[in-house]
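A.B. asks: For reference, the structure I am asking about is given below.
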Amino acid sequence: MRAVHRPVEVAGRLLVRPPWTEARPGLLDVVIDPGMAFGTAQHGTTRTCLAMLTDLPRGGSLLDAGCGTGVLAIAARRLGFDPVWAIDNDQLAVDATLANARANGVGLAAGRRTIGTDRLPAAEVVVANLTATVLAVLAGALPAPAPRHMILSGLRPEEADGAARLFAPHGLREVDRADDDGWTTVRLRRP
């Protein structure tokens, strides 16, 4: 397992690394023990979400919908977002997120929630690295007010336009798109 999980530098600002590798001076350090949950920055969807996250204005609230190991939520805290909420429908993911947040010395709220069933916290930024099917449910479950920024990932290139359109009724429009290893990430913004 150790050979698979290598440090990943993102946008010259973040280093996502497993605990058995060293930090690099000058980079915000995010240590993720892969455990049993998804999200170590090895996947193209995670890398592009992180890169887009580094481009957003700092500060304000953030929701990581489908948090996996918590890599996006922890990186958001390192980048200055506060408060940060992390949700997942898998208790193992919530447990991994909380353990990784403690290991990184960052505070965030994490809990088990099912998108479309449970109430979600309203946030200025929503990051959702999910499937197109779950993103469609999220579009109907966003609390008011709608976020100013959304990062949608977990999409195949042919799904990206449709996913972005789902959030248009909330006033969100596409402002950026990135492809990595056969996956697409879309950033939306509300004026």
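Chain identifiers are assigned as A, B, and so on, following the order in which chains appear in the structure tokens; residues are numbered from 1 within each chain, and ligands are numbered from 1 in order of appearance.
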If you take only C-alpha atoms and a cut-off of 12 Å, which residues of range 15-127 of chain A touch range 171-178 of chain A, and what are their nearest atom pairs and distances in Å to one decimal, in chain and number order, as a tab-separated table?
C.D. replies:
```
residue	atom	partner	partner_atom	distance
A:Gly44	CA	A:Ala178	CA	9.7
A:Thr45	CA	A:Ala178	CA	9.3
A:Thr46	CA	A:Ala178	CA	11.4
A:Arg47	CA	A:Ala178	CA	10.0
A:Thr48	CA	A:Ala178	CA	6.6
A:Cys49	CA	A:Ala178	CA	9.0
A:Leu50	CA	A:Ala178	CA	11.3
A:Ala51	CA	A:Ala178	CA	9.4
A:Met52	CA	A:Asp176	CA	8.5
A:Leu53	CA	A:Asp176	CA	11.6
A:Asp55	CA	A:Asp176	CA	10.5
A:Leu56	CA	A:Asp176	CA	11.4
A:Val125	CA	A:Leu172	CA	11.6
A:Val126	CA	A:Leu172	CA	11.6
```
A.B. asks: Neighbouring residues of Val106 in chain A were defined as those with any atom within 7 Å, considering only C-alpha atoms; residues of the same chain fewer than 5 positions away were excluded. Please report them as a list in words.
C.D. replies: Ile74, Arg77 and Ala101 of chain A
A.B. asks: Any chance you could list, as a ChimeraX atom specification, the residues in range 58-183 of chain A that come up strand (DSSP E) when DSSP is run on the backbone?
C.D. replies: /A:62-65,84-88,109-112,125-129,149-155,173-180,183
A.B. asks: So, counting only C-alpha atoms, which residue among A:Gly60, A:Gly182, A:Gly140, A:Pro145 is closest to Ala163 in chain A?
C.D. replies: A:Gly140
A.B. asks: Quick one, how far is CA of Gly116 in chain A from CA of Asp33 in chain A?
C.D. replies: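 Between these atoms lies a distance of 29.0 Å.
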A.B. asks: Identify all residues of range 1-124 of chain A in helix (DSSP H, G or I) (DSSP on the backbone) and supply them as an MDAnalysis selection string.
C.D. replies: chainID A and resid 44:55 71:78 91:104
